[in-house]
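Reproduced below: entry_2.pdb, with PDB, C-alpha atoms.
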MODEL        1
ATOM      1  CA  ALA A  27     -17.390  10.198  -6.585
ATOM      2  CA  LEU A  28     -15.317   8.754  -3.785
ATOM      3  CA  VAL A  29     -12.741   6.392  -5.329
ATOM      4  CA  LEU A  30     -11.358   3.926  -2.783
ATOM      5  CA  ILE A  31      -8.231   2.073  -3.862
ATOM      6  CA  GLU A  32      -7.257  -1.347  -2.516
ATOM      7  CA  TYR A  33      -8.817  -1.332   0.956
ATOM      8  CA  GLN A  34      -8.099  -5.059   0.995
ATOM      9  CA  ASN A  35      -6.848  -7.367   3.721
ATOM     10  CA  GLU A  36      -3.404  -7.698   2.124
ATOM     11  CA  PHE A  37      -2.808  -4.093   3.260
ATOM     12  CA  THR A  38      -5.379  -3.439   5.971
ATOM     13  CA  THR A  39      -5.338  -6.490   8.193
ATOM     14  CA  GLU A  40      -2.913  -8.338  10.485
ATOM     15  CA  GLY A  41      -1.671 -11.358   8.550
ATOM     16  CA  GLY A  42      -1.817  -9.555   5.210
ATOM     17  CA  LEU A  43       1.539  -9.914   3.500
ATOM     18  CA  LEU A  44       1.858  -6.126   3.086
ATOM     19  CA  HIS A  45       0.221  -5.043   6.348
ATOM     20  CA  ASP A  46       3.437  -4.672   8.332
ATOM     21  CA  ALA A  47       4.850  -2.420   5.596
ATOM     22  CA  VAL A  48       1.965   0.077   5.887
ATOM     23  CA  LYS A  49       0.900  -0.396   9.513
ATOM     24  CA  GLU A  50       2.853   2.532  10.961
ATOM     25  CA  CYS A  51       1.614   4.971   8.339
ATOM     26  CA  MET A  52      -1.963   3.694   8.692
ATOM     27  CA  GLU A  53      -1.840   4.277  12.432
ATOM     28  CA  LYS A  54      -0.231   7.724  12.225
ATOM     29  CA  THR A  55      -2.737   9.001   9.663
ATOM     30  CA  ASN A  56      -5.679   7.050  11.147
ATOM     31  CA  MET A  57      -6.529   6.350   7.527
ATOM     32  CA  LEU A  58      -8.738   3.305   7.957
ATOM     33  CA  GLU A  59     -11.065   4.955  10.474
ATOM     34  CA  ASN A  60     -11.056   8.251   8.545
ATOM     35  CA  SER A  61     -11.824   6.430   5.278
ATOM     36  CA  SER A  62     -14.663   4.377   6.750
ATOM     37  CA  SER A  63     -16.221   7.413   8.394
ATOM     38  CA  LEU A  64     -15.970   9.454   5.185
ATOM     39  CA  MET A  65     -17.339   6.619   3.035
ATOM     40  CA  ASN A  66     -20.390   6.236   5.280
ATOM     41  CA  ASP A  67     -20.942   9.996   5.468
ATOM     42  CA  LEU A  68     -20.692  10.580   1.721
ATOM     43  CA  ARG A  69     -22.787   7.509   0.908
ATOM     44  CA  SER A  70     -25.554   8.903   3.127
ATOM     45  CA  LYS A  71     -25.349  12.173   1.153
ATOM     46  CA  GLY A  72     -25.807  10.445  -2.201
ATOM     47  CA  VAL A  73     -22.182  10.556  -3.366
ATOM     48  CA  GLN A  74     -21.209   7.682  -5.688
ATOM     49  CA  ILE A  75     -18.818   5.300  -3.900
ATOM     50  CA  MET A  76     -16.436   3.339  -6.144
ATOM     51  CA  HIS A  77     -14.218   0.579  -4.787
ATOM     52  CA  VAL A  78     -11.156  -0.351  -6.862
ATOM     53  CA  PRO A  79      -9.564  -3.618  -5.716
ATOM     54  CA  ILE A  80      -6.601  -5.405  -7.268
ATOM     55  CA  ALA A  81      -6.345  -9.188  -7.706
ATOM     56  CA  PHE A  82      -4.270 -11.647  -9.696
ATOM     57  CA  GLY A  83      -4.778 -15.231 -10.808
ATOM     58  CA  PRO A  84      -2.554 -18.149  -9.872
ATOM     59  CA  GLY A  85       1.051 -17.468 -10.820
ATOM     60  CA  HIS A  86       0.288 -13.788 -11.388
ATOM     61  CA  SER A  87       0.498 -14.385 -15.132
ATOM     62  CA  GLU A  88      -1.106 -10.974 -15.739
ATOM     63  CA  ILE A  89       2.143  -9.305 -14.647
ATOM     64  CA  GLY A  90       4.912  -8.999 -17.213
ATOM     65  CA  ALA A  91       7.113  -6.540 -15.307
ATOM     66  CA  ARG A  92      10.597  -7.774 -14.495
ATOM     67  CA  ALA A  93      11.427  -4.979 -12.066
ATOM     68  CA  GLY A  94       9.693  -2.558  -9.745
ATOM     69  CA  ILE A  95       6.595  -2.861  -7.619
ATOM     70  CA  LEU A  96       4.612  -5.133  -9.963
ATOM     71  CA  ALA A  97       7.504  -7.598 -10.116
ATOM     72  CA  GLY A  98       7.524  -7.494  -6.319
ATOM     73  CA  ILE A  99       3.804  -8.289  -6.205
ATOM     74  CA  LYS A 100       4.376 -11.287  -8.463
ATOM     75  CA  GLU A 101       7.406 -12.509  -6.535
ATOM     76  CA  GLY A 102       5.647 -12.059  -3.190
ATOM     77  CA  LYS A 103       2.460 -13.750  -4.455
ATOM     78  CA  THR A 104       0.354 -10.941  -3.001
ATOM     79  CA  PHE A 105      -3.254 -10.087  -3.887
ATOM     80  CA  GLN A 106      -3.995 -13.605  -5.096
ATOM     81  CA  LYS A 107      -7.556 -14.294  -6.226
ATOM     82  CA  GLY A 108      -9.434 -16.809  -4.122
ATOM     83  CA  THR A 109      -7.671 -15.833  -0.883
ATOM     84  CA  SER A 110      -8.802 -13.642   2.000
ATOM     85  CA  ALA A 111      -6.008 -11.222   1.032
ATOM     86  CA  VAL A 112      -8.134  -9.733  -1.752
ATOM     87  CA  GLU A 113     -11.292  -9.366   0.355
ATOM     88  CA  PHE A 114     -12.260  -5.884   1.498
ATOM     89  CA  HIS A 115     -11.572  -4.852   5.070
ATOM     90  CA  PRO A 116     -14.887  -5.203   6.946
ATOM     91  CA  SER A 117     -15.082  -1.473   7.700
ATOM     92  CA  MET A 118     -14.627  -0.688   3.996
ATOM     93  CA  ALA A 119     -16.925  -3.303   2.509
ATOM     94  CA  PRO A 120     -18.917  -2.155  -0.511
ATOM     95  CA  ASP A 121     -22.674  -1.792  -0.055
ATOM     96  CA  VAL A 122     -24.086  -2.433  -3.518
ATOM     97  CA  SER A 123     -27.617  -2.221  -2.100
ATOM     98  CA  LYS A 124     -26.901   1.485  -1.536
ATOM     99  CA  GLY A 125     -25.376   2.034  -4.975
ATOM    100  CA  ASP A 126     -21.689   1.327  -4.353
ATOM    101  CA  MET A 127     -19.815   0.117  -7.430
ATOM    102  CA  ILE A 128     -16.920  -2.326  -7.505
ATOM    103  CA  VAL A 129     -14.574  -1.480 -10.370
ATOM    104  CA  ASP A 130     -12.904  -4.754 -11.283
ATOM    105  CA  GLY A 131      -9.918  -5.343 -13.530
ATOM    106  CA  LYS A 132      -7.174  -3.326 -11.826
ATOM    107  CA  LEU A 133      -3.933  -5.100 -12.706
ATOM    108  CA  GLY A 134      -1.446  -2.273 -12.370
ATOM    109  CA  LEU A 135      -0.860   0.996 -10.584
ATOM    110  CA  CYS A 136      -3.452   3.352 -12.064
ATOM    111  CA  SER A 137      -7.118   2.705 -11.267
ATOM    112  CA  PHE A 138      -8.075   3.868 -14.766
ATOM    113  CA  PHE A 139      -5.629   1.938 -16.937
ATOM    114  CA  SER A 140      -7.024  -1.617 -17.051
ATOM    115  CA  THR A 141     -10.537  -0.888 -15.754
ATOM    116  CA  ASN A 142     -13.742   0.812 -16.865
ATOM    117  CA  LEU A 143     -13.517   3.474 -14.123
ATOM    118  CA  ASP A 144     -13.486   6.399 -16.570
ATOM    119  CA  PHE A 145     -16.507   4.989 -18.442
ATOM    120  CA  ARG A 146     -18.442   4.537 -15.188
ATOM    121  CA  LEU A 147     -17.630   8.065 -13.983
ATOM    122  CA  ARG A 148     -18.654   9.610 -17.319
ATOM    123  CA  GLN A 149     -21.865   7.530 -17.518
ATOM    124  CA  LYS A 150     -22.856   8.991 -14.144
ATOM    125  CA  GLY A 151     -21.908  12.528 -15.229
ATOM    126  CA  ILE A 152     -19.340  12.756 -12.432
ATOM    127  CA  LYS A 153     -16.878  15.617 -12.636
ATOM    128  CA  ASN A 154     -15.339  15.542  -9.130
ATOM    129  CA  VAL A 155     -13.187  12.654  -7.901
ATOM    130  CA  ILE A 156     -12.098  12.200  -4.279
ATOM    131  CA  ILE A 157      -9.315   9.639  -3.842
ATOM    132  CA  GLY A 158      -8.175   7.552  -0.872
ATOM    133  CA  GLY A 159      -6.369   4.260  -0.413
ATOM    134  CA  PHE A 160      -3.048   2.513  -0.917
ATOM    135  CA  LEU A 161      -0.261   3.340  -1.600
ATOM    136  CA  THR A 162      -0.034   7.114  -1.313
ATOM    137  CA  ASN A 163       2.986   7.369  -3.617
ATOM    138  CA  CYS A 164       1.996   4.614  -6.029
ATOM    139  CA  CYS A 165      -1.586   3.662  -6.944
ATOM    140  CA  VAL A 166      -3.154   6.723  -5.325
ATOM    141  CA  GLU A 167      -0.706   9.033  -7.060
ATOM    142  CA  SER A 168      -1.061   7.250 -10.426
ATOM    143  CA  THR A 169      -4.852   7.441 -10.208
ATOM    144  CA  MET A 170      -4.754  11.098  -9.157
ATOM    145  CA  ARG A 171      -2.533  12.050 -12.102
ATOM    146  CA  THR A 172      -4.711  10.229 -14.634
ATOM    147  CA  ALA A 173      -7.934  11.659 -13.208
ATOM    148  CA  TYR A 174      -6.423  15.141 -13.513
ATOM    149  CA  GLU A 175      -5.364  14.532 -17.130
ATOM    150  CA  HIS A 176      -8.867  13.238 -17.927
ATOM    151  CA  GLY A 177     -10.257  16.583 -16.793
ATOM    152  CA  TYR A 178     -11.785  15.650 -13.454
ATOM    153  CA  SER A 179     -11.579  17.973 -10.473
ATOM    154  CA  VAL A 180      -9.466  15.843  -8.143
ATOM    155  CA  TYR A 181      -9.330  15.867  -4.350
ATOM    156  CA  THR A 182      -6.740  13.628  -2.731
ATOM    157  CA  LEU A 183      -7.099  12.753   0.945
ATOM    158  CA  LYS A 184      -3.912  12.995   2.977
ATOM    159  CA  ASP A 185      -5.517  11.335   6.012
ATOM    160  CA  CYS A 186      -7.177   8.512   4.036
ATOM    161  CA  THR A 187      -4.017   7.228   2.358
ATOM    162  CA  ALA A 188      -0.970   5.263   3.491
ATOM    163  CA  ALA A 189       2.459   4.316   2.168
ATOM    164  CA  THR A 190       5.273   2.070   3.351
ATOM    165  CA  SER A 191       6.763   4.944   5.366
ATOM    166  CA  MET A 192       5.705   8.343   6.629
ATOM    167  CA  GLU A 193       8.582   9.809   4.633
ATOM    168  CA  ALA A 194       7.201   8.366   1.375
ATOM    169  CA  HIS A 195       3.634   9.376   2.333
ATOM    170  CA  ASN A 196       4.527  12.958   3.197
ATOM    171  CA  GLY A 197       6.937  13.277   0.280
ATOM    172  CA  ALA A 198       4.223  12.447  -2.246
ATOM    173  CA  ILE A 199       1.730  14.794  -0.610
ATOM    174  CA  ASP A 200       4.192  17.665  -0.197
ATOM    175  CA  SER A 201       5.900  17.369  -3.598
ATOM    176  CA  ASP A 202       3.327  15.987  -6.034
ATOM    177  CA  PHE A 203      -0.285  16.039  -4.885
ATOM    178  CA  GLY A 204      -0.776  19.800  -5.172
ATOM    179  CA  LEU A 205       0.255  19.685  -8.836
ATOM    180  CA  PHE A 206      -2.633  17.403  -9.771
ATOM    181  CA  SER A 207      -5.271  17.796  -7.080
ATOM    182  CA  THR A 208      -6.600  19.710  -4.144
ATOM    183  CA  VAL A 209      -5.074  18.107  -1.058
ATOM    184  CA  SER A 210      -7.774  17.610   1.534
ATOM    185  CA  THR A 211      -8.874  15.642   4.596
ATOM    186  CA  ALA A 212     -11.868  13.489   5.420
ATOM    187  CA  ASN A 213     -13.367  16.151   7.684
ATOM    188  CA  GLU A 214     -12.904  18.873   5.066
ATOM    189  CA  MET A 215     -14.755  16.708   2.520
ATOM    190  CA  LYS A 216     -17.567  15.966   4.976
ATOM    191  CA  ALA A 217     -17.982  19.685   5.627
ATOM    192  CA  ALA A 218     -17.820  20.645   1.947
ATOM    193  CA  ILE A 219     -20.344  18.126   0.655
ATOM    194  CA  SER A 220     -24.001  18.497   1.556
ATOM    195  CA  ALA A 221     -26.764  15.969   1.031
ATOM    196  CA  GLU A 222     -28.271  15.842  -2.445
TER
ENDMDL
END

What does the file become when written as structure tokens?
Amino acid sequence: ALVLIEYQNEFTTEGGLLHDAVKECMEKTNMLENSSSLMNDLRSKGVQIMHVPIAFGPGHSEIGARAGILAGIKEGKTFQKGTSAVEFHPSMAPDVSKGDMIVDGKLGLCSFFSTNLDFRLRQKGIKNVIIGGFLTNCCVESTMRTAYEHGYSVYTLKDCTAATSMEAHNGAIDSDFGLFSTVSTANEMKAAISAE
């Protein structure tokens, strides 16, 4: 399965409250174009595509953290339900008519923790998980670690992820990703996966 984390306007699009923070890294890795191309390629080959957005209600009452990134999300009023910020970037829009799944309920860092992602993967008999999205050193890394501990074969995409700096992006990839996954690229995945 290709697990796509938070390809939402808050990060991906001019005007998103977090776009300026990730823009440089997105451009240097070409992550949006690489992700869209890979998603379309793998979808055409029968790979399960799973989109994992994040969204909070008014006041962000779901967040209890008093410090760290979740407190910052609450304070900044980002990813608010009912706004364009939580909509998918047009190039990364789910296509449920072709079998894409939207995994709702993500309220923290890990895509598994408050969602039914693990249940959906196991129901489909999926053993390999390919991960891309935001942020390289936060939600992507948390999801990668949990997928690894759940026994999946994990592939994390260094050119389909972005962080708030290239230093943070490269640091996570160079120091952590190899411990929990095979570090790969969109083109390597396209080449490795044939049509079913």

Assuming the chain letters and numbering stay as they are in my file, what does the PyMOL selection byres ((chain A and resi 163) around 12) actually select? List them as a PDB file with C-alpha atoms, in the coordinates of the input.
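Contents of out_2.pdb, as written:
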ATOM      1  CA  ILE A  95       6.595  -2.861  -7.619  1.00  0.00           C
ATOM      2  CA  LEU A 135      -0.860   0.996 -10.584  1.00  0.00           C
ATOM      3  CA  CYS A 136      -3.452   3.352 -12.064  1.00  0.00           C
ATOM      4  CA  GLY A 158      -8.175   7.552  -0.872  1.00  0.00           C
ATOM      5  CA  GLY A 159      -6.369   4.260  -0.413  1.00  0.00           C
ATOM      6  CA  PHE A 160      -3.048   2.513  -0.917  1.00  0.00           C
ATOM      7  CA  LEU A 161      -0.261   3.340  -1.600  1.00  0.00           C
ATOM      8  CA  THR A 162      -0.034   7.114  -1.313  1.00  0.00           C
ATOM      9  CA  CYS A 164       1.996   4.614  -6.029  1.00  0.00           C
ATOM     10  CA  CYS A 165      -1.586   3.662  -6.944  1.00  0.00           C
ATOM     11  CA  VAL A 166      -3.154   6.723  -5.325  1.00  0.00           C
ATOM     12  CA  GLU A 167      -0.706   9.033  -7.060  1.00  0.00           C
ATOM     13  CA  SER A 168      -1.061   7.250 -10.426  1.00  0.00           C
ATOM     14  CA  THR A 169      -4.852   7.441 -10.208  1.00  0.00           C
ATOM     15  CA  MET A 170      -4.754  11.098  -9.157  1.00  0.00           C
ATOM     16  CA  ARG A 171      -2.533  12.050 -12.102  1.00  0.00           C
ATOM     17  CA  THR A 182      -6.740  13.628  -2.731  1.00  0.00           C
ATOM     18  CA  LYS A 184      -3.912  12.995   2.977  1.00  0.00           C
ATOM     19  CA  THR A 187      -4.017   7.228   2.358  1.00  0.00           C
ATOM     20  CA  ALA A 188      -0.970   5.263   3.491  1.00  0.00           C
ATOM     21  CA  ALA A 189       2.459   4.316   2.168  1.00  0.00           C
ATOM     22  CA  THR A 190       5.273   2.070   3.351  1.00  0.00           C
ATOM     23  CA  SER A 191       6.763   4.944   5.366  1.00  0.00           C
ATOM     24  CA  MET A 192       5.705   8.343   6.629  1.00  0.00           C
ATOM     25  CA  GLU A 193       8.582   9.809   4.633  1.00  0.00           C
ATOM     26  CA  ALA A 194       7.201   8.366   1.375  1.00  0.00           C
ATOM     27  CA  HIS A 195       3.634   9.376   2.333  1.00  0.00           C
ATOM     28  CA  ASN A 196       4.527  12.958   3.197  1.00  0.00           C
ATOM     29  CA  GLY A 197       6.937  13.277   0.280  1.00  0.00           C
ATOM     30  CA  ALA A 198       4.223  12.447  -2.246  1.00  0.00           C
ATOM     31  CA  ILE A 199       1.730  14.794  -0.610  1.00  0.00           C
ATOM     32  CA  ASP A 200       4.192  17.665  -0.197  1.00  0.00           C
ATOM     33  CA  SER A 201       5.900  17.369  -3.598  1.00  0.00           C
ATOM     34  CA  ASP A 202       3.327  15.987  -6.034  1.00  0.00           C
ATOM     35  CA  PHE A 203      -0.285  16.039  -4.885  1.00  0.00           C
TER      36      PHE A 203
END

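Counting only C-alpha atoms, the residue from A:Phe145, A:Phe206, A:Phe138, A:Tyr33 that sits nearest to A:Ser62 is A:Tyr33.
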
Inset, instruction - Between atom CA of A:His115 and atom CA of A:Gly85, measure the distance and give it in Å to one decimal. - result: 23.9 Å

Legend entry - Contacts of A:Val180 at 9 Å (only C-alpha atoms; same-chain gap of 4+ positions) as a ChimeraX atom specification: /A:153-157,170-171,173-174,206-209

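Residue nearest A:His86, chosen from A:Glu101, A:Asp130, A:Glu175, A:Asp46 and counting only C-alpha atoms: A:Glu101.
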
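In this comparison, which uses only C-alpha atoms, the residue of A:Ile31, A:Leu44, A:Ala119, A:Ala217 approaching A:Asp67 most closely is A:Ala217.
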